[in-house]
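J.: Okay, so here is work.pdb, and as you'll see once you scroll down, it has PDB, C-alpha atoms.
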```
ATOM      1  CA  MET A   1      35.063   7.934  24.071
ATOM      2  CA  ASN A   2      35.854   4.201  24.248
ATOM      3  CA  ALA A   3      39.436   3.670  23.117
ATOM      4  CA  GLU A   4      38.979  -0.105  22.729
ATOM      5  CA  GLU A   5      35.997   0.339  20.432
ATOM      6  CA  MET A   6      37.867   2.990  18.475
ATOM      7  CA  SER A   7      40.794   0.644  17.824
ATOM      8  CA  ARG A   8      38.464  -2.038  16.404
ATOM      9  CA  SER A   9      36.442   0.173  14.054
ATOM     10  CA  ALA A  10      37.876   1.845  10.974
ATOM     11  CA  ALA A  11      34.569   3.665  10.501
ATOM     12  CA  LEU A  12      34.843   5.206  13.963
ATOM     13  CA  GLN A  13      38.441   6.289  13.428
ATOM     14  CA  LEU A  14      37.511   7.980  10.168
ATOM     15  CA  LYS A  15      34.461   9.758  11.580
ATOM     16  CA  ALA A  16      36.154  10.753  14.831
ATOM     17  CA  ALA A  17      38.613  12.991  13.024
ATOM     18  CA  HIS A  18      35.990  15.554  12.052
ATOM     19  CA  TYR A  19      32.640  14.708  13.638
ATOM     20  CA  LEU A  20      32.325  11.915  16.208
ATOM     21  CA  ASN A  21      34.809  13.175  18.759
ATOM     22  CA  PRO A  22      33.916  14.125  22.366
ATOM     23  CA  PRO A  23      34.569  17.914  22.194
ATOM     24  CA  PHE A  24      32.536  18.491  19.019
ATOM     25  CA  PHE A  25      29.843  16.049  20.190
ATOM     26  CA  ALA A  26      29.397  17.933  23.483
ATOM     27  CA  THR A  27      29.442  21.298  21.685
ATOM     28  CA  ARG A  28      26.672  20.203  19.321
ATOM     29  CA  ALA A  29      24.555  18.936  22.230
ATOM     30  CA  ALA A  30      24.967  22.281  24.004
ATOM     31  CA  ILE A  31      23.897  24.112  20.835
ATOM     32  CA  TYR A  32      20.780  21.938  20.442
ATOM     33  CA  PHE A  33      19.623  22.522  24.004
ATOM     34  CA  ALA A  34      20.467  26.223  23.827
ATOM     35  CA  LEU A  35      18.403  26.756  20.670
ATOM     36  CA  TRP A  36      15.447  24.722  21.963
ATOM     37  CA  SER A  37      15.530  26.560  25.293
ATOM     38  CA  VAL A  38      15.740  29.999  23.670
ATOM     39  CA  LEU A  39      12.756  29.258  21.416
ATOM     40  CA  ALA A  40      10.708  27.891  24.321
ATOM     41  CA  LEU A  41      11.569  30.770  26.664
ATOM     42  CA  LEU A  42      10.875  33.470  24.065
ATOM     43  CA  LEU A  43       7.497  32.002  23.083
ATOM     44  CA  ASN A  44       6.647  31.525  26.756
ATOM     45  CA  TRP A  45       7.603  35.107  27.559
ATOM     46  CA  LEU A  46       5.653  36.551  24.599
ATOM     47  CA  SER A  47       2.577  34.519  25.531
ATOM     48  CA  LEU A  48       2.734  35.754  29.123
ATOM     49  CA  LYS A  49       3.264  39.337  27.927
ATOM     50  CA  GLN A  50       0.162  39.067  25.732
ATOM     51  CA  ASP A  51      -1.908  37.820  28.674
ATOM     52  CA  ARG A  52      -0.756  40.700  30.874
ATOM     53  CA  THR A  53      -0.647  43.648  28.476
ATOM     54  CA  ALA A  54      -2.957  42.784  25.541
ATOM     55  CA  ASP A  55      -0.231  44.132  23.248
ATOM     56  CA  PRO A  56      -1.330  43.262  19.672
ATOM     57  CA  LYS A  57       2.316  43.051  18.586
ATOM     58  CA  CYS A  58       2.809  39.877  20.627
ATOM     59  CA  SER A  59       0.812  37.702  18.217
ATOM     60  CA  LYS A  60       2.832  38.927  15.246
ATOM     61  CA  GLN A  61       6.108  38.448  17.122
ATOM     62  CA  MET A  62       5.176  34.883  18.066
ATOM     63  CA  ARG A  63       4.333  34.070  14.443
ATOM     64  CA  MET A  64       7.576  35.635  13.205
ATOM     65  CA  LEU A  65       9.520  33.583  15.739
ATOM     66  CA  SER A  66       7.641  30.329  15.151
ATOM     67  CA  GLY A  67       8.147  30.226  11.371
ATOM     68  CA  PRO A  68      11.960  30.200  11.382
ATOM     69  CA  GLY A  69      11.795  28.332  14.703
ATOM     70  CA  LEU A  70      10.184  25.344  12.993
ATOM     71  CA  GLY A  71      13.068  25.247  10.517
ATOM     72  CA  VAL A  72      15.586  25.418  13.365
ATOM     73  CA  PHE A  73      13.699  22.666  15.197
ATOM     74  CA  VAL A  74      13.705  20.288  12.211
ATOM     75  CA  ILE A  75      17.420  20.816  11.544
ATOM     76  CA  THR A  76      18.527  20.472  15.172
ATOM     77  CA  VAL A  77      16.354  17.399  15.834
ATOM     78  CA  THR A  78      17.783  15.794  12.697
ATOM     79  CA  PHE A  79      21.363  16.315  13.881
ATOM     80  CA  ALA A  80      20.483  15.304  17.448
ATOM     81  CA  ALA A  81      18.998  12.029  16.195
ATOM     82  CA  ILE A  82      22.163  11.366  14.188
ATOM     83  CA  ASP A  83      24.401  12.162  17.169
ATOM     84  CA  TRP A  84      22.501  10.394  19.929
ATOM     85  CA  VAL A  85      21.033   7.359  18.158
ATOM     86  CA  MET A  86      22.398   6.746  14.660
ATOM     87  CA  SER A  87      26.022   7.147  15.797
ATOM     88  CA  LEU A  88      25.594   4.132  18.118
ATOM     89  CA  ASP A  89      26.189   2.045  14.979
ATOM     90  CA  PRO A  90      28.904   4.007  13.121
ATOM     91  CA  SER A  91      28.897   1.668  10.123
ATOM     92  CA  TRP A  92      25.224   2.358   9.364
ATOM     93  CA  SER A  93      23.586   5.518   8.050
ATOM     94  CA  SER A  94      20.225   6.731   6.774
ATOM     95  CA  THR A  95      19.429  10.111   5.244
ATOM     96  CA  ILE A  96      15.811  10.021   6.474
ATOM     97  CA  PHE A  97      16.599   8.984  10.058
ATOM     98  CA  GLY A  98      16.384  12.508  11.470
ATOM     99  CA  LEU A  99      12.977  13.132   9.890
ATOM    100  CA  ILE A 100      11.632   9.992  11.559
ATOM    101  CA  PHE A 101      12.506  11.595  14.900
ATOM    102  CA  VAL A 102      10.986  14.943  13.879
ATOM    103  CA  ALA A 103       7.679  13.192  13.152
ATOM    104  CA  SER A 104       7.988  11.056  16.303
ATOM    105  CA  TRP A 105       8.669  13.960  18.654
ATOM    106  CA  THR A 106       5.841  16.002  17.163
ATOM    107  CA  MET A 107       3.446  13.066  17.449
ATOM    108  CA  SER A 108       4.430  12.590  21.105
ATOM    109  CA  ALA A 109       3.878  16.299  21.822
ATOM    110  CA  LEU A 110       0.443  16.233  20.189
ATOM    111  CA  ALA A 111      -0.538  13.072  22.079
ATOM    112  CA  PHE A 112       0.391  14.780  25.352
ATOM    113  CA  THR A 113      -1.580  17.878  24.302
ATOM    114  CA  ILE A 114      -4.655  15.690  23.763
ATOM    115  CA  LEU A 115      -4.276  14.081  27.201
ATOM    116  CA  ALA A 116      -3.891  17.469  28.913
ATOM    117  CA  THR A 117      -6.822  18.975  26.998
ATOM    118  CA  ALA A 118      -9.076  15.985  27.760
ATOM    119  CA  TRP A 119      -8.244  16.242  31.475
ATOM    120  CA  LEU A 120      -8.736  20.026  31.606
ATOM    121  CA  SER A 121     -11.972  19.890  29.594
ATOM    122  CA  GLN A 122     -13.653  18.237  32.585
ATOM    123  CA  ARG A 123     -12.781  21.180  34.836
ATOM    124  CA  GLU A 124     -13.431  24.911  35.006
ATOM    125  CA  PRO A 125     -12.913  27.083  33.059
ATOM    126  CA  MET A 126     -12.053  24.780  30.171
ATOM    127  CA  ASN A 127     -15.314  22.830  30.419
ATOM    128  CA  ALA A 128     -17.062  25.951  29.094
ATOM    129  CA  VAL A 129     -14.538  26.437  26.281
ATOM    130  CA  VAL A 130     -13.470  23.064  24.864
ATOM    131  CA  ARG A 131     -15.901  21.552  22.360
ATOM    132  CA  ALA A 132     -16.056  18.300  20.438
ATOM    133  CA  SER A 133     -14.825  20.198  17.386
ATOM    134  CA  HIS A 134     -11.557  20.989  19.201
ATOM    135  CA  PHE A 135     -10.934  17.276  19.704
ATOM    136  CA  GLN A 136     -11.846  16.626  16.081
ATOM    137  CA  ASP A 137      -9.169  19.103  14.997
ATOM    138  CA  LEU A 138      -6.638  17.460  17.328
ATOM    139  CA  GLY A 139      -7.633  14.060  15.960
ATOM    140  CA  ASN A 140      -7.129  15.237  12.373
ATOM    141  CA  LEU A 141      -3.656  16.518  13.254
ATOM    142  CA  THR A 142      -2.848  13.219  14.973
ATOM    143  CA  LEU A 143      -3.954  11.287  11.886
ATOM    144  CA  THR A 144      -1.670  13.459   9.746
ATOM    145  CA  LEU A 145       1.338  12.837  12.002
ATOM    146  CA  VAL A 146       0.662   9.100  12.258
ATOM    147  CA  MET A 147       0.699   8.919   8.459
ATOM    148  CA  LEU A 148       3.800  11.147   8.244
ATOM    149  CA  TRP A 149       5.760   9.007  10.711
ATOM    150  CA  THR A 150       4.706   5.858   8.845
ATOM    151  CA  TYR A 151       5.740   7.359   5.523
ATOM    152  CA  PHE A 152       9.220   8.224   6.805
ATOM    153  CA  ALA A 153       9.738   4.902   8.624
ATOM    154  CA  PHE A 154       8.505   2.787   5.712
ATOM    155  CA  SER A 155      10.494   4.822   3.178
ATOM    156  CA  GLN A 156      13.692   4.102   5.095
ATOM    157  CA  TYR A 157      12.875   0.388   5.253
ATOM    158  CA  LEU A 158      11.875   0.196   1.568
ATOM    159  CA  ILE A 159      15.030   1.950   0.337
ATOM    160  CA  ILE A 160      17.331  -0.256   2.426
ATOM    161  CA  TRP A 161      15.419  -3.423   1.490
ATOM    162  CA  SER A 162      15.562  -2.532  -2.209
ATOM    163  CA  ALA A 163      19.303  -1.768  -2.171
ATOM    164  CA  ASN A 164      20.049  -4.928  -0.140
ATOM    165  CA  LEU A 165      23.507  -3.710   0.887
ATOM    166  CA  PRO A 166      25.062  -5.656   3.807
ATOM    167  CA  GLU A 167      26.270  -2.515   5.617
ATOM    168  CA  GLU A 168      22.670  -1.215   5.653
ATOM    169  CA  THR A 169      20.556  -4.355   6.095
ATOM    170  CA  THR A 170      22.423  -5.459   9.237
ATOM    171  CA  TRP A 171      20.663  -2.651  11.142
ATOM    172  CA  TYR A 172      17.259  -4.173  10.416
ATOM    173  CA  VAL A 173      18.489  -7.758  10.854
ATOM    174  CA  ALA A 174      19.488  -6.898  14.439
ATOM    175  CA  ARG A 175      15.947  -5.579  15.037
ATOM    176  CA  LYS A 176      14.172  -8.609  13.629
ATOM    177  CA  HIS A 177      15.476 -11.487  15.776
ATOM    178  CA  GLY A 178      15.352 -12.437  19.431
ATOM    179  CA  GLY A 179      12.004 -10.843  20.213
ATOM    180  CA  TRP A 180      12.800  -7.504  18.578
ATOM    181  CA  GLY A 181      10.740  -8.518  15.540
ATOM    182  CA  ALA A 182       7.635  -8.844  17.722
ATOM    183  CA  ILE A 183       8.158  -5.276  18.931
ATOM    184  CA  ALA A 184       8.551  -4.070  15.335
ATOM    185  CA  LEU A 185       5.260  -5.760  14.411
ATOM    186  CA  ALA A 186       3.511  -4.341  17.494
ATOM    187  CA  THR A 187       4.771  -0.856  16.605
ATOM    188  CA  ALA A 188       3.495  -1.162  13.043
ATOM    189  CA  ILE A 189       0.068  -2.245  14.287
ATOM    190  CA  LEU A 190      -0.369  -0.075  17.385
ATOM    191  CA  GLN A 191       1.435   3.063  16.227
ATOM    192  CA  PHE A 192       0.086   3.074  12.680
ATOM    193  CA  ALA A 193      -2.636   0.614  11.663
ATOM    194  CA  PHE A 194      -4.870   0.817  14.751
ATOM    195  CA  PRO A 195      -4.633   4.634  15.236
ATOM    196  CA  PHE A 196      -5.109   5.137  11.488
ATOM    197  CA  LEU A 197      -8.344   3.121  11.451
ATOM    198  CA  ILE A 198      -9.679   4.717  14.649
ATOM    199  CA  LEU A 199      -8.904   8.254  13.481
ATOM    200  CA  LEU A 200     -10.882   7.734  10.294
ATOM    201  CA  SER A 201     -13.993   7.826  12.489
ATOM    202  CA  ARG A 202     -15.452  11.287  13.067
ATOM    203  CA  ALA A 203     -17.215  10.083  16.224
ATOM    204  CA  ALA A 204     -13.961   8.764  17.706
ATOM    205  CA  LYS A 205     -12.155  12.042  17.019
ATOM    206  CA  GLN A 206     -14.929  14.060  18.677
ATOM    207  CA  SER A 207     -14.884  11.925  21.829
ATOM    208  CA  ALA A 208     -12.477  13.283  24.440
ATOM    209  CA  ARG A 209     -12.318   9.918  26.211
ATOM    210  CA  LYS A 210     -11.609   7.822  23.104
ATOM    211  CA  LEU A 211      -9.074  10.275  21.742
ATOM    212  CA  ALA A 212      -7.297  10.460  25.121
ATOM    213  CA  MET A 213      -7.065   6.651  25.310
ATOM    214  CA  LEU A 214      -5.606   6.588  21.796
ATOM    215  CA  ALA A 215      -3.121   9.329  22.744
ATOM    216  CA  LEU A 216      -2.037   7.263  25.750
ATOM    217  CA  LEU A 217      -1.487   4.258  23.480
ATOM    218  CA  ILE A 218       0.590   6.371  21.088
ATOM    219  CA  LEU A 219       2.798   7.625  23.933
ATOM    220  CA  ALA A 220       3.320   4.064  25.196
ATOM    221  CA  MET A 221       4.246   2.896  21.695
ATOM    222  CA  ARG A 222       6.590   5.847  21.253
ATOM    223  CA  ALA A 223       8.526   4.697  24.338
ATOM    224  CA  LEU A 224       8.638   1.132  23.004
ATOM    225  CA  ASP A 225       9.738   2.350  19.581
ATOM    226  CA  VAL A 226      12.649   4.303  21.070
ATOM    227  CA  ILE A 227      13.759   1.158  22.932
ATOM    228  CA  TRP A 228      13.530  -0.794  19.646
ATOM    229  CA  LEU A 229      15.676   1.811  17.888
ATOM    230  CA  ILE A 230      18.418   1.839  20.558
ATOM    231  CA  GLU A 231      18.644  -1.434  22.518
ATOM    232  CA  PRO A 232      19.372  -3.910  19.664
ATOM    233  CA  THR A 233      22.654  -2.082  19.067
ATOM    234  CA  PHE A 234      23.833  -3.557  22.378
ATOM    235  CA  ASN A 235      21.743  -6.765  22.499
ATOM    236  CA  ARG A 236      21.441  -8.131  18.974
ATOM    237  CA  GLU A 237      20.807 -11.776  19.821
ATOM    238  CA  ARG A 238      17.974 -11.490  22.330
ATOM    239  CA  PHE A 239      15.398  -9.122  23.696
ATOM    240  CA  HIS A 240      16.768  -7.371  26.752
ATOM    241  CA  LEU A 241      15.651  -4.436  28.879
ATOM    242  CA  SER A 242      17.628  -2.648  31.552
ATOM    243  CA  TRP A 243      15.996  -1.130  34.628
ATOM    244  CA  MET A 244      17.284   2.195  33.333
ATOM    245  CA  ASP A 245      15.032   1.841  30.275
ATOM    246  CA  VAL A 246      12.114   2.280  32.663
ATOM    247  CA  ALA A 247      13.668   4.459  35.360
ATOM    248  CA  ALA A 248      15.153   7.130  33.070
ATOM    249  CA  PRO A 249      11.920   8.067  31.235
ATOM    250  CA  ILE A 250       9.984   8.108  34.520
ATOM    251  CA  ALA A 251      12.611  10.263  36.261
ATOM    252  CA  ILE A 252      13.156  12.796  33.462
ATOM    253  CA  GLY A 253       9.491  12.736  32.454
ATOM    254  CA  GLY A 254       8.496  13.266  36.082
ATOM    255  CA  LEU A 255      10.690  16.369  36.351
ATOM    256  CA  TRP A 256       9.226  17.730  33.108
ATOM    257  CA  LEU A 257       5.647  17.037  34.259
ATOM    258  CA  ALA A 258       6.331  18.785  37.555
ATOM    259  CA  ALA A 259       7.601  21.882  35.700
ATOM    260  CA  PHE A 260       4.661  21.740  33.300
ATOM    261  CA  SER A 261       2.107  21.449  36.123
ATOM    262  CA  TRP A 262       3.728  24.309  38.027
ATOM    263  CA  GLN A 263       3.599  26.586  34.985
ATOM    264  CA  LEU A 264       0.034  25.545  34.219
ATOM    265  CA  GLN A 265      -1.046  26.893  37.590
ATOM    266  CA  GLN A 266       0.650  30.254  36.989
ATOM    267  CA  ARG A 267      -1.195  31.163  33.775
ATOM    268  CA  PRO A 268      -4.760  31.667  32.586
ATOM    269  CA  LEU A 269      -5.742  28.517  30.706
ATOM    270  CA  VAL A 270      -7.493  30.585  28.042
ATOM    271  CA  PRO A 271      -5.381  33.138  26.091
ATOM    272  CA  ILE A 272      -7.480  36.010  27.379
ATOM    273  CA  ASN A 273      -5.959  38.759  25.244
ATOM    274  CA  ASP A 274      -5.404  36.866  22.021
ATOM    275  CA  PRO A 275      -6.951  38.971  19.218
ATOM    276  CA  GLN A 276      -8.442  35.861  17.585
ATOM    277  CA  LEU A 277      -9.891  34.347  20.766
ATOM    278  CA  GLU A 278     -13.489  35.518  20.292
ATOM    279  CA  GLN A 279     -13.516  34.453  16.647
ATOM    280  CA  ALA A 280     -12.125  31.028  17.523
ATOM    281  CA  LEU A 281     -14.655  30.482  20.340
ATOM    282  CA  ALA A 282     -17.550  31.607  18.145
ATOM    283  CA  MET A 283     -16.468  29.298  15.317
ATOM    284  CA  HIS A 284     -16.245  26.227  17.545
ATOM    285  CA  ALA A 285     -19.453  27.151  19.347
ATOM    286  CA  GLY A 286     -21.184  27.118  15.979
ATOM    287  CA  HIS A 287     -19.932  23.564  15.398
TER     288      HIS A 287
END
```
As structure tokens, how would this structure be written, given the file I've shared?

T.:
Amino acid sequence: MNAEEMSRSAALQLKAAHYLNPPFFATRAAIYFALWSVLALLLNWLSLKQDRTADPKCSKQMRMLSGPGLGVFVITVTFAAIDWVMSLDPSWSSTIFGLIFVASWTMSALAFTILATAWLSQREPMNAVVRASHFQDLGNLTLTLVMLWTYFAFSQYLIIWSANLPEETTWYVARKHGGWGAIALATAILQFAFPFLILLSRAAKQSARKLAMLALLILAMRALDVIWLIEPTFNRERFHLSWMDVAAPIAIGGLWLAAFSWQLQQRPLVPINDPQLEQALAMHAGH
């Protein structure tokens, strides 16, 4: 959308003809949000219908929707990451970039789930339902996603480092100097090494308090990692943060939390008519 930038970049002029132009960019964004919203609303509606009617078909319908929905989610997040982040540097590209965001978003969602579950487990009726084994399962999933994110992120770095092509390495060079390197090191330690070591402990995974503190750390590091991915494109020589880097996540996150809290109060916290509820409760009670 910046004519001056367009005139200086042959890569932008080439890509704008078919892909990086405002109309197609806005159309793709609308498609992403439409698909995500449809999936969320349908699953929400089916879950509410199951609570109210005990219709056994609801479980099957949710599974049938969720399977293809995961494929749609992975594809749309991949293209969204390319559009909204990778396109900031039109001369650079990575085929695994979208998958890094898929793993990141899923890890953030699971970390939030752990925080919400830990908070609710201290209150009725969840204090009679949630067991240490639930947190162990959540911890195992978190460990898996931490390793998956690390695998994707390190694979991208290793491939670019091995090829040693100037048009690819400049992306990492910009994120190594002026304080950005310290953030990269902190992310490697606090978003991989430390959680990985902690989540190897069975006792830590079964502790709601310890797992919640780790989830909070992961969410904080996710925010820092996003800043590290985006800001050096505009401030390559020195570490710089805008007030919007703090205000935007708080504002949008606050709206989302308000909607989440409102919905949480409208529903039973336990899926009362889920056909597998009794089996699941009995299994965890046995643990």

J.: Rounded to one decimal place, report the atom CA of A:Leu115-atom CA of A:Ile227 distance in Å.

T.: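 Interatomic distance, atom CA of A:Leu115 to atom CA of A:Ile227: 22.6 Å.
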
J.: So, counting only C-alpha atoms, which residue among A:Ala184, A:Ala163, A:Met126, A:Ala54 is closest to A:Leu229?

T.: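 Answer, going by the shortest atom-to-atom distance: A:Ala184.
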
J.: Restricting the calculation to only C-alpha atoms, which member of A:Leu120, A:Leu264, A:Leu277, A:Leu241 is positioned closest to A:Ala208?

T.: A:Leu120

J.: Could you tell me which of A:Ala174, A:Thr187, A:Phe194, A:Ser93 comes closest to A:Gln156 if we count all atoms listed in the file?

T.: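 Comparing A:Ala174, A:Thr187, A:Phe194, A:Ser93 against A:Gln156, the winner is A:Ser93.
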
J.: How many Å separate atom CA of A:Val270 from atom CA of A:Glu124?

T.: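 Between these atoms lies a distance of 10.8 Å.
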
J.: Could you spell out the hits of the PyMOL selection byres ((chain A and resi 39) around 12) on the shown file, as a list of chain:residue names?

T.: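 Here the PyMOL selection byres ((chain A and resi 39) around 12) matches A:Tyr32, A:Phe33, A:Ala34, A:Leu35, A:Trp36, A:Ser37, A:Val38, A:Ala40, A:Leu41, A:Leu42, A:Leu43, A:Asn44, A:Trp45, A:Leu46, A:Met62, A:Arg63, A:Met64, A:Leu65, A:Ser66, A:Gly67, A:Pro68, A:Gly69, A:Leu70, A:Gly71, A:Val72, A:Phe73.
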
J.: With a distance cut-off of 12 Å and all atoms listed in the file, select the neighbouring residues of A:Ser201, excluding the residue or stretch itself and same-chain residues fewer than 4 positions from it, and output the selection as a short mmCIF file (atom, residue, chain, number, x, y, z; two decimals) with C-alpha atoms, in the frame of the given file.

T.:
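Output file part_36.cif follows:
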```
data_model
loop_
_atom_site.label_atom_id
_atom_site.label_comp_id
_atom_site.auth_asym_id
_atom_site.auth_seq_id
_atom_site.Cartn_x
_atom_site.Cartn_y
_atom_site.Cartn_z
CA GLN A 136 -11.85 16.63 16.08
CA GLY A 139 -7.63 14.06 15.96
CA ASN A 140 -7.13 15.24 12.37
CA LEU A 143 -3.95 11.29 11.89
CA PHE A 194 -4.87 0.82 14.75
CA PRO A 195 -4.63 4.63 15.24
CA PHE A 196 -5.11 5.14 11.49
CA LEU A 197 -8.34 3.12 11.45
CA LYS A 205 -12.16 12.04 17.02
CA GLN A 206 -14.93 14.06 18.68
CA SER A 207 -14.88 11.92 21.83
CA LYS A 210 -11.61 7.82 23.10
CA LEU A 211 -9.07 10.28 21.74
#
```

J.: Selecting all heavy atoms, how would stretch 128-136 of chain A from this structure be written as an mmCIF file, in the first residue's frame?

T.:
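What landed in out_22.cif:
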```
data_model
loop_
_atom_site.group_PDB
_atom_site.id
_atom_site.type_symbol
_atom_site.label_atom_id
_atom_site.label_comp_id
_atom_site.auth_asym_id
_atom_site.auth_seq_id
_atom_site.Cartn_x
_atom_site.Cartn_y
_atom_site.Cartn_z
ATOM 1 N N ALA A 128 -14.514 -30.550 42.499
ATOM 2 C CA ALA A 128 -14.889 -31.948 42.715
ATOM 3 C C ALA A 128 -14.652 -32.797 41.471
ATOM 4 O O ALA A 128 -14.879 -34.007 41.495
ATOM 5 C CB ALA A 128 -16.370 -32.029 43.123
ATOM 6 N N VAL A 129 -14.211 -32.165 40.393
ATOM 7 C CA VAL A 129 -14.057 -32.867 39.112
ATOM 8 C C VAL A 129 -12.595 -32.971 38.688
ATOM 9 O O VAL A 129 -12.116 -34.030 38.296
ATOM 10 C CB VAL A 129 -14.875 -32.146 38.006
ATOM 11 C CG1 VAL A 129 -14.630 -32.786 36.648
ATOM 12 C CG2 VAL A 129 -16.362 -32.165 38.350
ATOM 13 N N VAL A 130 -11.876 -31.833 38.774
ATOM 14 C CA VAL A 130 -10.499 -31.795 38.261
ATOM 15 C C VAL A 130 -9.558 -32.514 39.216
ATOM 16 O O VAL A 130 -9.568 -32.276 40.426
ATOM 17 C CB VAL A 130 -10.041 -30.337 38.056
ATOM 18 C CG1 VAL A 130 -8.602 -30.297 37.555
ATOM 19 C CG2 VAL A 130 -10.955 -29.638 37.069
ATOM 20 N N ARG A 131 -8.762 -33.407 38.677
ATOM 21 C CA ARG A 131 -7.792 -34.188 39.449
ATOM 22 C C ARG A 131 -6.373 -33.855 38.979
ATOM 23 O O ARG A 131 -6.167 -33.224 37.940
ATOM 24 C CB ARG A 131 -8.048 -35.684 39.253
ATOM 25 C CG ARG A 131 -9.454 -36.116 39.564
ATOM 26 C CD ARG A 131 -9.624 -36.349 41.055
ATOM 27 N NE ARG A 131 -10.944 -36.922 41.336
ATOM 28 C CZ ARG A 131 -11.907 -36.310 41.987
ATOM 29 N NH1 ARG A 131 -11.709 -35.087 42.429
ATOM 30 N NH2 ARG A 131 -13.064 -36.905 42.213
ATOM 31 N N ALA A 132 -5.414 -34.355 39.747
ATOM 32 C CA ALA A 132 -4.013 -34.177 39.366
ATOM 33 C C ALA A 132 -3.721 -34.818 38.021
ATOM 34 O O ALA A 132 -2.883 -34.331 37.249
ATOM 35 C CB ALA A 132 -3.106 -34.772 40.448
ATOM 36 N N SER A 133 -4.438 -35.897 37.710
ATOM 37 C CA SER A 133 -4.201 -36.588 36.437
ATOM 38 C C SER A 133 -4.618 -35.724 35.249
ATOM 39 O O SER A 133 -4.044 -35.843 34.156
ATOM 40 C CB SER A 133 -4.972 -37.911 36.409
ATOM 41 O OG SER A 133 -6.351 -37.713 36.671
ATOM 42 N N HIS A 134 -5.624 -34.841 35.443
ATOM 43 C CA HIS A 134 -5.991 -33.923 34.364
ATOM 44 C C HIS A 134 -4.823 -32.985 34.047
ATOM 45 O O HIS A 134 -4.508 -32.727 32.885
ATOM 46 C CB HIS A 134 -7.217 -33.095 34.757
ATOM 47 C CG HIS A 134 -8.487 -33.880 34.808
ATOM 48 N ND1 HIS A 134 -9.069 -34.289 35.985
ATOM 49 C CD2 HIS A 134 -9.297 -34.343 33.822
ATOM 50 C CE1 HIS A 134 -10.180 -34.955 35.723
ATOM 51 N NE2 HIS A 134 -10.338 -35.002 34.416
ATOM 52 N N PHE A 135 -4.204 -32.457 35.094
ATOM 53 C CA PHE A 135 -3.074 -31.549 34.890
ATOM 54 C C PHE A 135 -1.879 -32.293 34.295
ATOM 55 O O PHE A 135 -1.119 -31.723 33.507
ATOM 56 C CB PHE A 135 -2.695 -30.863 36.205
ATOM 57 C CG PHE A 135 -3.678 -29.826 36.636
ATOM 58 C CD1 PHE A 135 -4.572 -30.063 37.668
ATOM 59 C CD2 PHE A 135 -3.741 -28.603 35.980
ATOM 60 C CE1 PHE A 135 -5.495 -29.103 38.053
ATOM 61 C CE2 PHE A 135 -4.669 -27.632 36.353
ATOM 62 C CZ PHE A 135 -5.545 -27.889 37.392
ATOM 63 N N GLN A 136 -1.725 -33.558 34.660
ATOM 64 C CA GLN A 136 -0.644 -34.341 34.061
ATOM 65 C C GLN A 136 -0.862 -34.485 32.557
ATOM 66 O O GLN A 136 0.084 -34.357 31.767
ATOM 67 C CB GLN A 136 -0.549 -35.716 34.707
ATOM 68 C CG GLN A 136 0.590 -36.567 34.137
ATOM 69 C CD GLN A 136 0.738 -37.899 34.834
ATOM 70 O OE1 GLN A 136 0.419 -38.035 36.007
ATOM 71 N NE2 GLN A 136 1.219 -38.892 34.110
#
```
